[in-house]
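Q: Have a peek at query.pdb (PDB, C-alpha atoms).
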ATOM      1  CA  MET A   1     -23.751 -10.818 -14.079
ATOM      2  CA  LEU A   2     -23.756 -14.602 -14.435
ATOM      3  CA  GLN A   3     -21.802 -14.286 -17.681
ATOM      4  CA  SER A   4     -19.298 -12.053 -15.899
ATOM      5  CA  LEU A   5     -18.813 -14.622 -13.149
ATOM      6  CA  LEU A   6     -18.356 -17.398 -15.695
ATOM      7  CA  ARG A   7     -15.754 -15.337 -17.531
ATOM      8  CA  ARG A   8     -13.869 -14.869 -14.253
ATOM      9  CA  ALA A   9     -14.058 -18.605 -13.598
ATOM     10  CA  ARG A  10     -12.586 -19.374 -17.031
ATOM     11  CA  ASN A  11      -9.823 -16.872 -16.340
ATOM     12  CA  GLY A  12      -8.804 -18.744 -13.208
ATOM     13  CA  ASP A  13     -10.550 -16.725 -10.502
ATOM     14  CA  ARG A  14     -11.131 -19.554  -8.010
ATOM     15  CA  ALA A  15     -13.142 -17.259  -5.771
ATOM     16  CA  VAL A  16     -16.146 -17.879  -8.024
ATOM     17  CA  GLU A  17     -16.251 -21.452  -6.761
ATOM     18  CA  ALA A  18     -17.350 -20.131  -3.375
ATOM     19  CA  THR A  19     -20.726 -18.868  -4.545
ATOM     20  CA  THR A  20     -23.162 -19.646  -7.338
ATOM     21  CA  GLU A  21     -25.724 -17.019  -6.465
ATOM     22  CA  GLU A  22     -26.146 -14.145  -8.917
ATOM     23  CA  SER A  23     -25.828 -10.733  -7.307
ATOM     24  CA  SER A  24     -29.097  -8.888  -6.785
ATOM     25  CA  ALA A  25     -27.371  -5.487  -6.586
ATOM     26  CA  PRO A  26     -28.533  -3.103  -9.303
ATOM     27  CA  PRO A  27     -25.947  -1.393 -11.528
ATOM     28  CA  GLY A  28     -24.372   1.937 -10.654
ATOM     29  CA  LYS A  29     -23.280   0.942  -7.185
ATOM     30  CA  ILE A  30     -20.314   2.131  -5.124
ATOM     31  CA  GLY A  31     -18.240  -0.699  -3.687
ATOM     32  CA  LEU A  32     -15.798  -0.654  -0.811
ATOM     33  CA  ALA A  33     -13.009  -3.272  -0.587
ATOM     34  CA  LEU A  34     -11.401  -3.132   2.854
ATOM     35  CA  GLY A  35      -8.032  -4.832   3.187
ATOM     36  CA  GLY A  36      -6.466  -6.851   5.972
ATOM     37  CA  GLY A  37      -3.739  -5.643   8.306
ATOM     38  CA  ALA A  38      -4.566  -6.600  11.916
ATOM     39  CA  ALA A  39      -4.196  -3.572  14.248
ATOM     40  CA  ARG A  40      -3.720  -1.267  11.268
ATOM     41  CA  GLY A  41      -7.336  -2.025  10.405
ATOM     42  CA  PHE A  42      -8.598   0.646  12.791
ATOM     43  CA  ALA A  43      -7.682   3.021   9.953
ATOM     44  CA  HIS A  44     -10.837   1.763   8.221
ATOM     45  CA  ILE A  45     -12.875   3.636  10.833
ATOM     46  CA  GLY A  46     -11.315   6.958   9.862
ATOM     47  CA  ILE A  47     -11.858   6.140   6.197
ATOM     48  CA  LEU A  48     -15.532   5.315   6.692
ATOM     49  CA  ARG A  49     -16.056   8.470   8.768
ATOM     50  CA  VAL A  50     -14.604  10.744   6.086
ATOM     51  CA  LEU A  51     -16.605   9.078   3.318
ATOM     52  CA  ALA A  52     -19.797   9.513   5.336
ATOM     53  CA  ALA A  53     -18.978  13.164   6.031
ATOM     54  CA  GLN A  54     -18.615  13.698   2.277
ATOM     55  CA  GLY A  55     -21.985  12.075   1.600
ATOM     56  CA  ILE A  56     -20.500   8.930   0.026
ATOM     57  CA  LYS A  57     -22.273   5.790   1.161
ATOM     58  CA  PRO A  58     -20.993   2.437  -0.143
ATOM     59  CA  ASP A  59     -23.689   0.145  -1.510
ATOM     60  CA  VAL A  60     -21.477  -2.961  -1.578
ATOM     61  CA  ILE A  61     -18.997  -3.775   1.196
ATOM     62  CA  VAL A  62     -16.404  -6.514   1.024
ATOM     63  CA  GLY A  63     -13.639  -7.038   3.559
ATOM     64  CA  THR A  64     -10.752  -9.293   4.420
ATOM     65  CA  SER A  65      -9.642 -10.008   7.989
ATOM     66  CA  ILE A  66      -9.829  -6.779  10.046
ATOM     67  CA  GLY A  67     -11.347  -5.166   6.938
ATOM     68  CA  ALA A  68     -14.231  -7.608   7.211
ATOM     69  CA  VAL A  69     -14.681  -6.713  10.884
ATOM     70  CA  ALA A  70     -14.758  -2.966  10.212
ATOM     71  CA  GLY A  71     -16.983  -3.372   7.157
ATOM     72  CA  GLY A  72     -19.310  -5.777   8.931
ATOM     73  CA  CYS A  73     -19.715  -3.486  11.917
ATOM     74  CA  PHE A  74     -20.418  -0.565   9.583
ATOM     75  CA  ALA A  75     -22.947  -2.525   7.535
ATOM     76  CA  ALA A  76     -24.687  -3.693  10.708
ATOM     77  CA  GLY A  77     -24.857  -0.161  12.101
ATOM     78  CA  HIS A  78     -22.371  -0.746  14.910
ATOM     79  CA  LEU A  79     -19.303   1.184  13.788
ATOM     80  CA  ASP A  80     -19.584   3.383  16.897
ATOM     81  CA  ASP A  81     -19.288   0.309  19.131
ATOM     82  CA  PHE A  82     -16.251  -0.907  17.201
ATOM     83  CA  GLU A  83     -14.592   2.502  17.440
ATOM     84  CA  ASP A  84     -15.321   2.899  21.156
ATOM     85  CA  TRP A  85     -13.856  -0.542  21.819
ATOM     86  CA  GLY A  86     -10.735   0.216  19.784
ATOM     87  CA  ARG A  87     -10.106   3.583  21.392
ATOM     88  CA  GLY A  88     -10.444   1.975  24.823
ATOM     89  CA  LEU A  89      -7.773  -0.650  24.239
ATOM     90  CA  THR A  90      -4.473  -0.377  26.101
ATOM     91  CA  ALA A  91      -1.311  -2.448  25.891
ATOM     92  CA  ARG A  92      -2.429  -4.187  29.077
ATOM     93  CA  ASN A  93      -6.115  -4.885  28.462
ATOM     94  CA  VAL A  94      -5.418  -6.242  24.970
ATOM     95  CA  LEU A  95      -3.922  -9.256  26.746
ATOM     96  CA  ALA A  96      -7.282  -9.975  28.361
ATOM     97  CA  TYR A  97      -8.657 -10.971  24.951
ATOM     98  CA  LEU A  98      -5.874 -13.470  24.251
ATOM     99  CA  ASP A  99      -7.155 -16.843  25.441
ATOM    100  CA  ILE A 100      -3.839 -18.662  24.983
ATOM    101  CA  SER A 101      -4.153 -22.351  24.141
ATOM    102  CA  LEU A 102      -1.259 -24.740  23.522
ATOM    103  CA  SER A 103      -3.514 -27.722  22.877
ATOM    104  CA  GLY A 104      -5.396 -26.487  19.807
ATOM    105  CA  SER A 105      -4.492 -25.550  16.228
ATOM    106  CA  GLY A 106      -3.622 -21.935  17.103
ATOM    107  CA  LEU A 107      -1.928 -20.019  19.908
ATOM    108  CA  ILE A 108      -5.164 -18.122  20.631
ATOM    109  CA  GLY A 109      -8.570 -19.759  20.842
ATOM    110  CA  GLY A 110     -10.355 -16.563  19.824
ATOM    111  CA  GLY A 111     -13.418 -17.172  21.948
ATOM    112  CA  ARG A 112     -13.041 -14.002  24.017
ATOM    113  CA  LEU A 113     -12.756 -11.783  20.958
ATOM    114  CA  ALA A 114     -15.745 -13.510  19.356
ATOM    115  CA  THR A 115     -17.801 -13.001  22.525
ATOM    116  CA  ARG A 116     -16.961  -9.294  22.573
ATOM    117  CA  LEU A 117     -17.823  -8.979  18.893
ATOM    118  CA  GLU A 118     -21.128 -10.795  19.324
ATOM    119  CA  ALA A 119     -22.023  -8.546  22.273
ATOM    120  CA  ALA A 120     -21.666  -5.583  19.922
ATOM    121  CA  ILE A 121     -23.439  -6.821  16.785
ATOM    122  CA  GLY A 122     -25.652  -9.582  18.136
ATOM    123  CA  ASP A 123     -26.919 -12.537  16.150
ATOM    124  CA  GLN A 124     -27.287 -10.708  12.843
ATOM    125  CA  LYS A 125     -27.353 -12.593   9.563
ATOM    126  CA  ILE A 126     -25.412 -11.356   6.561
ATOM    127  CA  GLU A 127     -28.404 -11.770   4.265
ATOM    128  CA  ASN A 128     -30.398  -9.352   6.472
ATOM    129  CA  LEU A 129     -27.890  -6.493   6.165
ATOM    130  CA  PRO A 130     -29.043  -3.409   4.212
ATOM    131  CA  GLY A 131     -26.819  -4.186   1.214
ATOM    132  CA  PRO A 132     -24.511  -6.839  -0.246
ATOM    133  CA  PHE A 133     -21.679  -7.827   2.071
ATOM    134  CA  ALA A 134     -18.968 -10.474   1.933
ATOM    135  CA  ALA A 135     -16.208 -11.491   4.315
ATOM    136  CA  ILE A 136     -13.281 -13.163   2.581
ATOM    137  CA  ALA A 137     -11.795 -16.338   4.077
ATOM    138  CA  THR A 138      -9.518 -19.148   2.923
ATOM    139  CA  GLU A 139     -10.379 -22.841   3.062
ATOM    140  CA  LEU A 140      -7.505 -24.494   4.882
ATOM    141  CA  ALA A 141      -7.490 -27.836   3.079
ATOM    142  CA  THR A 142      -7.862 -26.604  -0.499
ATOM    143  CA  GLY A 143      -6.739 -22.975  -0.574
ATOM    144  CA  HIS A 144     -10.105 -21.949  -2.037
ATOM    145  CA  GLU A 145     -11.050 -18.293  -1.667
ATOM    146  CA  ILE A 146     -14.379 -18.325   0.170
ATOM    147  CA  TRP A 147     -16.855 -15.456  -0.015
ATOM    148  CA  LEU A 148     -19.025 -15.598   3.100
ATOM    149  CA  THR A 149     -22.249 -13.973   1.915
ATOM    150  CA  ARG A 150     -24.830 -15.607   4.174
ATOM    151  CA  GLY A 151     -25.169 -16.944   7.693
ATOM    152  CA  ARG A 152     -24.148 -15.475  11.040
ATOM    153  CA  LEU A 153     -22.140 -12.290  10.628
ATOM    154  CA  VAL A 154     -20.033 -12.968  13.739
ATOM    155  CA  ASP A 155     -18.963 -16.371  12.430
ATOM    156  CA  ALA A 156     -18.011 -14.918   9.053
ATOM    157  CA  LEU A 157     -15.904 -12.163  10.623
ATOM    158  CA  ARG A 158     -14.191 -14.586  12.961
ATOM    159  CA  ALA A 159     -13.255 -16.869  10.060
ATOM    160  CA  SER A 160     -11.969 -13.958   7.994
ATOM    161  CA  TYR A 161      -9.469 -12.850  10.679
ATOM    162  CA  ALA A 162      -8.326 -16.325  11.798
ATOM    163  CA  LEU A 163      -4.597 -15.792  11.202
ATOM    164  CA  PRO A 164      -3.049 -19.275  10.779
ATOM    165  CA  GLY A 165      -0.925 -20.331  13.715
ATOM    166  CA  ILE A 166      -2.277 -17.503  15.883
ATOM    167  CA  PHE A 167      -6.050 -18.114  15.867
ATOM    168  CA  THR A 168      -7.718 -21.486  15.568
ATOM    169  CA  PRO A 169      -9.535 -22.181  12.258
ATOM    170  CA  VAL A 170     -13.304 -21.684  12.152
ATOM    171  CA  ARG A 171     -15.693 -24.301  10.769
ATOM    172  CA  ILE A 172     -18.508 -22.896   8.619
ATOM    173  CA  GLY A 173     -20.694 -24.971   6.310
ATOM    174  CA  GLY A 174     -18.428 -28.004   6.516
ATOM    175  CA  ARG A 175     -15.255 -26.064   5.642
ATOM    176  CA  TRP A 176     -12.377 -25.170   7.957
ATOM    177  CA  LEU A 177     -11.593 -21.523   7.278
ATOM    178  CA  VAL A 178      -8.702 -19.191   8.081
ATOM    179  CA  ASP A 179      -7.678 -15.622   7.289
ATOM    180  CA  GLY A 180      -8.752 -14.438   3.840
ATOM    181  CA  ALA A 181      -5.542 -12.422   3.434
ATOM    182  CA  LEU A 182      -3.804 -15.650   2.446
ATOM    183  CA  VAL A 183      -5.485 -15.436  -0.956
ATOM    184  CA  ASN A 184      -7.043 -11.973  -1.311
ATOM    185  CA  PRO A 185      -5.868  -9.236   1.069
ATOM    186  CA  VAL A 186      -7.723  -6.437  -0.783
ATOM    187  CA  PRO A 187     -10.867  -8.025  -2.322
ATOM    188  CA  VAL A 188     -11.570  -5.822  -5.344
ATOM    189  CA  ALA A 189     -12.840  -8.689  -7.522
ATOM    190  CA  ALA A 190     -15.432  -9.692  -4.929
ATOM    191  CA  ALA A 191     -16.800  -6.135  -4.733
ATOM    192  CA  ARG A 192     -17.225  -6.022  -8.517
ATOM    193  CA  ALA A 193     -18.889  -9.431  -8.609
ATOM    194  CA  LEU A 194     -21.410  -8.305  -5.989
ATOM    195  CA  GLY A 195     -22.540  -5.444  -8.202
ATOM    196  CA  ALA A 196     -20.171  -2.528  -7.655
ATOM    197  CA  ARG A 197     -19.360  -0.426 -10.718
ATOM    198  CA  VAL A 198     -16.948   1.862  -8.880
ATOM    199  CA  VAL A 199     -14.674   0.245  -6.308
ATOM    200  CA  ILE A 200     -12.808   2.184  -3.624
ATOM    201  CA  ALA A 201     -10.157  -0.113  -2.167
ATOM    202  CA  VAL A 202      -8.052   0.271   0.968
ATOM    203  CA  ASN A 203      -4.560  -1.224   1.217
ATOM    204  CA  LEU A 204      -3.300  -1.071   4.792
ATOM    205  CA  ASN A 205       0.178  -2.329   3.937
ATOM    206  CA  ALA A 206       1.131   0.030   1.124
ATOM    207  CA  ASP A 207       4.148   1.570   2.825
ATOM    208  CA  VAL A 208       6.095  -1.611   3.508
ATOM    209  CA  LEU A 209       9.000  -0.108   1.577
ATOM    210  CA  GLY A 210      12.450  -1.491   0.853
ATOM    211  CA  ARG A 211      11.394  -5.107   1.379
ATOM    212  CA  GLY A 212      11.550  -7.961  -1.061
ATOM    213  CA  THR A 213      14.769  -7.047  -2.871
ATOM    214  CA  VAL A 214      17.177  -9.759  -4.056
ATOM    215  CA  ILE A 215      20.450 -10.377  -2.165
ATOM    216  CA  PRO A 216      22.519 -12.102  -4.876
ATOM    217  CA  SER A 217      25.375 -13.317  -2.679
ATOM    218  CA  HIS A 218      25.195 -14.306   0.975
ATOM    219  CA  GLY A 219      26.643 -16.924   3.300
ATOM    220  CA  SER A 220      27.812 -17.714   6.834
ATOM    221  CA  ASP A 221      30.628 -15.930   8.636
ATOM    222  CA  GLU A 222      32.654 -16.227  11.837
ATOM    223  CA  ALA A 223      29.960 -14.537  13.890
ATOM    224  CA  ASP A 224      27.538 -17.371  13.070
ATOM    225  CA  GLU A 225      29.939 -19.975  14.466
ATOM    226  CA  ARG A 226      30.572 -17.956  17.635
ATOM    227  CA  ALA A 227      26.834 -17.552  18.168
ATOM    228  CA  ARG A 228      26.290 -21.282  17.690
ATOM    229  CA  ILE A 229      28.946 -22.186  20.267
ATOM    230  CA  GLU A 230      27.655 -19.627  22.776
ATOM    231  CA  GLU A 231      24.070 -20.840  22.389
ATOM    232  CA  LEU A 232      25.131 -24.469  22.869
ATOM    233  CA  ALA A 233      27.093 -23.624  26.012
ATOM    234  CA  ARG A 234      24.267 -21.515  27.401
ATOM    235  CA  THR A 235      21.665 -24.221  26.759
ATOM    236  CA  ASN A 236      23.737 -26.957  28.380
ATOM    237  CA  GLY A 237      24.513 -24.712  31.354
ATOM    238  CA  ILE A 238      20.928 -23.856  32.232
ATOM    239  CA  ARG A 239      19.230 -27.121  31.273
ATOM    240  CA  GLY A 240      17.180 -28.347  34.198
ATOM    241  CA  MET A 241      17.606 -25.079  36.097
ATOM    242  CA  ILE A 242      14.669 -23.152  34.619
ATOM    243  CA  SER A 243      10.957 -23.795  34.597
ATOM    244  CA  PRO A 244       9.037 -25.205  31.621
ATOM    245  CA  GLU A 245       6.940 -22.019  31.628
ATOM    246  CA  TYR A 246      10.035 -19.920  31.011
ATOM    247  CA  LEU A 247      11.139 -22.205  28.188
ATOM    248  CA  ILE A 248       7.726 -21.902  26.538
ATOM    249  CA  LYS A 249       7.770 -18.117  26.848
ATOM    250  CA  ARG A 250      11.271 -17.946  25.365
ATOM    251  CA  HIS A 251      10.212 -20.258  22.558
ATOM    252  CA  PHE A 252       7.242 -18.096  21.561
ATOM    253  CA  LEU A 253       8.669 -14.629  22.226
ATOM    254  CA  GLY A 254      12.331 -15.183  21.406
ATOM    255  CA  ARG A 255      15.281 -13.533  23.140
ATOM    256  CA  GLY A 256      18.662 -11.963  22.487
ATOM    257  CA  GLY A 257      17.752 -10.867  18.988
ATOM    258  CA  ARG A 258      16.520 -14.336  18.036
ATOM    259  CA  PRO A 259      12.908 -14.213  16.755
ATOM    260  CA  GLY A 260      10.326 -16.251  18.629
ATOM    261  CA  LEU A 261       7.577 -18.353  17.080
ATOM    262  CA  SER A 262       4.983 -15.568  17.233
ATOM    263  CA  THR A 263       7.343 -13.107  15.517
ATOM    264  CA  VAL A 264       8.170 -15.611  12.780
ATOM    265  CA  ILE A 265       4.476 -16.277  12.063
ATOM    266  CA  ILE A 266       3.519 -12.595  11.979
ATOM    267  CA  ASP A 267       6.480 -11.429   9.883
ATOM    268  CA  ALA A 268       6.091 -14.302   7.420
ATOM    269  CA  PHE A 269       2.387 -13.552   7.072
ATOM    270  CA  ASN A 270       3.107  -9.859   6.557
ATOM    271  CA  LEU A 271       5.586 -10.601   3.763
ATOM    272  CA  MET A 272       3.199 -13.038   2.091
ATOM    273  CA  GLN A 273       0.319 -10.575   2.297
ATOM    274  CA  ASP A 274       2.419  -7.869   0.659
ATOM    275  CA  ARG A 275       3.287 -10.130  -2.301
ATOM    276  CA  VAL A 276      -0.277 -11.335  -2.800
ATOM    277  CA  THR A 277      -1.664  -7.787  -2.550
ATOM    278  CA  ARG A 278       0.673  -6.497  -5.248
ATOM    279  CA  SER A 279      -0.242  -9.350  -7.565
ATOM    280  CA  ARG A 280      -4.008  -9.097  -7.067
ATOM    281  CA  LEU A 281      -4.130  -5.304  -7.400
ATOM    282  CA  ALA A 282      -2.035  -5.441 -10.572
ATOM    283  CA  GLY A 283      -4.448  -7.937 -12.102
ATOM    284  CA  ASP A 284      -7.651  -6.228 -10.988
ATOM    285  CA  PRO A 285      -6.974  -2.635  -9.914
ATOM    286  CA  PRO A 286      -9.685  -0.641  -8.127
ATOM    287  CA  ASP A 287     -11.034   2.645  -9.437
ATOM    288  CA  VAL A 288      -9.554   4.428  -6.413
ATOM    289  CA  LEU A 289      -6.918   3.071  -4.029
ATOM    290  CA  VAL A 290      -6.622   4.591  -0.556
ATOM    291  CA  SER A 291      -3.239   3.793   1.001
ATOM    292  CA  PRO A 292      -2.819   4.965   4.608
ATOM    293  CA  ARG A 293       0.802   5.197   5.766
ATOM    294  CA  LEU A 294       0.688   2.730   8.649
ATOM    295  CA  GLY A 295       4.124   1.140   8.495
ATOM    296  CA  ASN A 296       5.051   2.490  11.923
ATOM    297  CA  ILE A 297       2.134   0.644  13.557
ATOM    298  CA  GLY A 298       2.818  -3.014  14.273
ATOM    299  CA  LEU A 299       0.320  -5.658  13.242
ATOM    300  CA  PHE A 300      -0.521  -6.425  16.866
ATOM    301  CA  GLU A 301      -0.336  -2.924  18.353
ATOM    302  CA  PHE A 302      -4.085  -2.724  18.864
ATOM    303  CA  HIS A 303      -3.642  -0.135  21.626
ATOM    304  CA  ARG A 304      -2.709   2.416  18.919
ATOM    305  CA  ALA A 305      -6.225   2.556  17.489
ATOM    306  CA  LYS A 306      -6.510   6.344  17.716
ATOM    307  CA  GLU A 307      -3.354   6.826  15.622
ATOM    308  CA  ALA A 308      -4.590   4.397  12.994
ATOM    309  CA  ILE A 309      -8.020   6.065  12.818
ATOM    310  CA  ASP A 310      -6.437   9.482  12.305
ATOM    311  CA  ILE A 311      -4.066   8.184   9.626
ATOM    312  CA  GLY A 312      -6.965   6.545   7.785
ATOM    313  CA  ALA A 313      -8.953   9.783   7.847
ATOM    314  CA  GLN A 314      -6.008  11.791   6.540
ATOM    315  CA  ALA A 315      -5.379   9.328   3.696
ATOM    316  CA  THR A 316      -9.030   9.512   2.645
ATOM    317  CA  GLU A 317      -9.042  13.291   2.675
ATOM    318  CA  ARG A 318      -6.019  13.248   0.371
ATOM    319  CA  ALA A 319      -7.825  10.861  -1.974
ATOM    320  CA  MET A 320     -11.170  12.702  -2.000
ATOM    321  CA  GLY A 321     -10.485  14.322  -5.367
ATOM    322  CA  GLU A 322     -10.131  10.929  -7.036
ATOM    323  CA  ILE A 323     -13.051   9.487  -5.101
ATOM    324  CA  THR A 324     -15.524  12.239  -5.999
ATOM    325  CA  GLU A 325     -14.408  12.108  -9.630
ATOM    326  CA  ALA A 326     -14.944   8.332  -9.793
ATOM    327  CA  VAL A 327     -18.353   8.568  -8.087
ATOM    328  CA  ALA A 328     -19.415  11.392 -10.386
ATOM    329  CA  ALA A 329     -18.666   9.177 -13.371
ATOM    330  CA  LEU A 330     -21.535   6.888 -12.313
ATOM    331  CA  THR A 331     -24.050   9.599 -13.170
TER     332      THR A 331
END
Translate this structure into structure tokens?

A:
Amino acid sequence: MLQSLLRRARNGDRAVEATTEESSAPPGKIGLALGGGAARGFAHIGILRVLAAQGIKPDVIVGTSIGAVAGGCFAAGHLDDFEDWGRGLTARNVLAYLDISLSGSGLIGGGRLATRLEAAIGDQKIENLPGPFAAIATELATGHEIWLTRGRLVDALRASYALPGIFTPVRIGGRWLVDGALVNPVPVAAARALGARVVIAVNLNADVLGRGTVIPSHGSDEADERARIEELARTNGIRGMISPEYLIKRHFLGRGGRPGLSTVIIDAFNLMQDRVTRSRLAGDPPDVLVSPRLGNIGLFEFHRAKEAIDIGAQATERAMGEITEAVAALT
């Protein structure tokens, strides 16, 4: 195993820098790599339920962002709590978890979500879980891929889903950490390094179709100039007549077809995650890839948990032939 890690380090896998401990997992293990995708991550619940119903129990669990949350709750024996919480979310009560802060390094402090998560899983340590587990995060200053394999589970999960610009970074072990999807949205390599011989991976963003093409010729037109003049006139006309609170809301949410700050951050992150996922999966493909069709569920539509769970279950049922064949190959 140590030789394998060294080979990965020589090949440029910077994730190895995050840990020097040799995996204690014996060979012949089934690994689960759960990808990031915000609200789409509730699909992981349906996936885990179907696998369990088919008698397939992952020995190694690795997750990024919401994948780390679902995987961590499952590993800690609290998947029921996570599912009950998700199914109980509505468009209104989701807002209760958003502790908005304009004075920090993110729009949302994240304390309320962390408190709810800790109430469910307690003060568990990663090293005390039944099997190997890692939450993937990104070090903000260096871009290092960090595998959180020890310490408080809640802290690791919170760091793994700390979407830059939305949630404040989390400090663990002297490093400021943010969302692991920046560097490894579907952590197949980490699952293999922790001892998995067969890796079942879940990509929550597989059906982002028709995006990323090249537009070879583009430029401004008359409509752009009209819009600029209208916006200038409108701004000068209402300056001093509206409250600062309204200006802040318009700035973050946008209006009249113009994207706000929150939309820009989320859409940019979604595009980046798609590119990184394609690259990482091409370089280190899993043995089986489960790809739920979740494109109609927005990244922050957490109130649609039931839909996501059902879609995840359906995708796993479709992939069961490949999964059972790959698992059978272990014996």

Q: Neighbouring residues of Pro286 (chain A) were defined as those with any atom within 9 Å, considering only C-alpha atoms; residues of the same chain fewer than 4 positions away were excluded. Please report them as a list of chain:residue names.

A: A:Ala33, A:Val188, A:Ala189, A:Val198, A:Val199, A:Ile200, A:Ala201, A:Leu281

Q: Mind pulling up the distance from CA of Gly35 (chain A) to CA of Ile136 (chain A)?

A: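 So the two atoms, CA of Ile136 (chain A) and CA of Gly35 (chain A), lie 9.9 Å apart.
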
Q: Closest to Asn270 (chain A) among A:Gly31, A:Thr168, A:Arg152, A:Arg40, using all atoms listed in the file?

A: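 The answer is A:Arg40, which sits nearest to Asn270 (chain A).
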
Q: For the file shown, what are the residues hit by the PyMOL selection byres ((chain A and resi 65-70) around 7), laid out as a ChimeraX atom specification?

A: /A:34-38,41,44-45,62-64,71-74,135,157,160-161,179-181

Q: Mind writing the picked residues with C-alpha atoms as a CSV table (one decimal), in the coordinates of the input?

A:
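Contents of selection-v5.csv, freshly written:
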chain,number,residue,atom,x,y,z
A,34,LEU,CA,-11.4,-3.1,2.9
A,35,GLY,CA,-8.0,-4.8,3.2
A,36,GLY,CA,-6.5,-6.9,6.0
A,37,GLY,CA,-3.7,-5.6,8.3
A,38,ALA,CA,-4.6,-6.6,11.9
A,41,GLY,CA,-7.3,-2.0,10.4
A,44,HIS,CA,-10.8,1.8,8.2
A,45,ILE,CA,-12.9,3.6,10.8
A,62,VAL,CA,-16.4,-6.5,1.0
A,63,GLY,CA,-13.6,-7.0,3.6
A,64,THR,CA,-10.8,-9.3,4.4
A,71,GLY,CA,-17.0,-3.4,7.2
A,72,GLY,CA,-19.3,-5.8,8.9
A,73,CYS,CA,-19.7,-3.5,11.9
A,74,PHE,CA,-20.4,-0.6,9.6
A,135,ALA,CA,-16.2,-11.5,4.3
A,157,LEU,CA,-15.9,-12.2,10.6
A,160,SER,CA,-12.0,-14.0,8.0
A,161,TYR,CA,-9.5,-12.8,10.7
A,179,ASP,CA,-7.7,-15.6,7.3
A,180,GLY,CA,-8.8,-14.4,3.8
A,181,ALA,CA,-5.5,-12.4,3.4

Q: Just the number, please: distance in Å from CA of Asp274 (chain A) to CA of Lys29 (chain A), one decimal.

A: 28.3 Å

Q: What does the distance from CA of Thr149 (chain A) to CA of Gln124 (chain A) come to in Å, to one decimal?

A: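 Separation of CA of Thr149 (chain A) and CA of Gln124 (chain A): 12.5 Å.
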
Q: Could region 179-183 of chain A be completed with all heavy atoms and returned as a PDB file, keeping the file's coordinate frame?

A:
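selection-v4.pdb, freshly written:
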ATOM      1  N   ASP A 179      -7.770 -17.003   7.757  1.00  0.00           N
ATOM      2  CA  ASP A 179      -7.678 -15.622   7.289  1.00  0.00           C
ATOM      3  C   ASP A 179      -7.723 -15.502   5.761  1.00  0.00           C
ATOM      4  O   ASP A 179      -6.962 -16.144   5.047  1.00  0.00           O
ATOM      5  CB  ASP A 179      -6.374 -15.016   7.809  1.00  0.00           C
ATOM      6  CG  ASP A 179      -6.398 -13.502   7.816  1.00  0.00           C
ATOM      7  OD1 ASP A 179      -6.780 -12.908   6.802  1.00  0.00           O
ATOM      8  OD2 ASP A 179      -6.021 -12.907   8.850  1.00  0.00           O
ATOM      9  N   GLY A 180      -8.611 -14.634   5.281  1.00  0.00           N
ATOM     10  CA  GLY A 180      -8.752 -14.438   3.840  1.00  0.00           C
ATOM     11  C   GLY A 180      -7.567 -13.749   3.194  1.00  0.00           C
ATOM     12  O   GLY A 180      -7.406 -13.790   1.961  1.00  0.00           O
ATOM     13  N   ALA A 181      -6.698 -13.114   3.997  1.00  0.00           N
ATOM     14  CA  ALA A 181      -5.542 -12.422   3.434  1.00  0.00           C
ATOM     15  C   ALA A 181      -4.544 -13.382   2.814  1.00  0.00           C
ATOM     16  O   ALA A 181      -3.663 -12.955   2.064  1.00  0.00           O
ATOM     17  CB  ALA A 181      -4.855 -11.577   4.502  1.00  0.00           C
ATOM     18  N   LEU A 182      -4.664 -14.667   3.085  1.00  0.00           N
ATOM     19  CA  LEU A 182      -3.804 -15.650   2.446  1.00  0.00           C
ATOM     20  C   LEU A 182      -3.993 -15.653   0.935  1.00  0.00           C
ATOM     21  O   LEU A 182      -3.053 -15.923   0.185  1.00  0.00           O
ATOM     22  CB  LEU A 182      -4.102 -17.052   2.993  1.00  0.00           C
ATOM     23  CG  LEU A 182      -3.551 -17.388   4.377  1.00  0.00           C
ATOM     24  CD1 LEU A 182      -4.136 -18.697   4.859  1.00  0.00           C
ATOM     25  CD2 LEU A 182      -2.029 -17.458   4.353  1.00  0.00           C
ATOM     26  N   VAL A 183      -5.202 -15.360   0.481  1.00  0.00           N
ATOM     27  CA  VAL A 183      -5.485 -15.436  -0.956  1.00  0.00           C
ATOM     28  C   VAL A 183      -5.944 -14.127  -1.565  1.00  0.00           C
ATOM     29  O   VAL A 183      -5.789 -13.907  -2.768  1.00  0.00           O
ATOM     30  CB  VAL A 183      -6.548 -16.530  -1.250  1.00  0.00           C
ATOM     31  CG1 VAL A 183      -5.992 -17.920  -0.983  1.00  0.00           C
ATOM     32  CG2 VAL A 183      -7.816 -16.310  -0.422  1.00  0.00           C
TER      33      VAL A 183
END
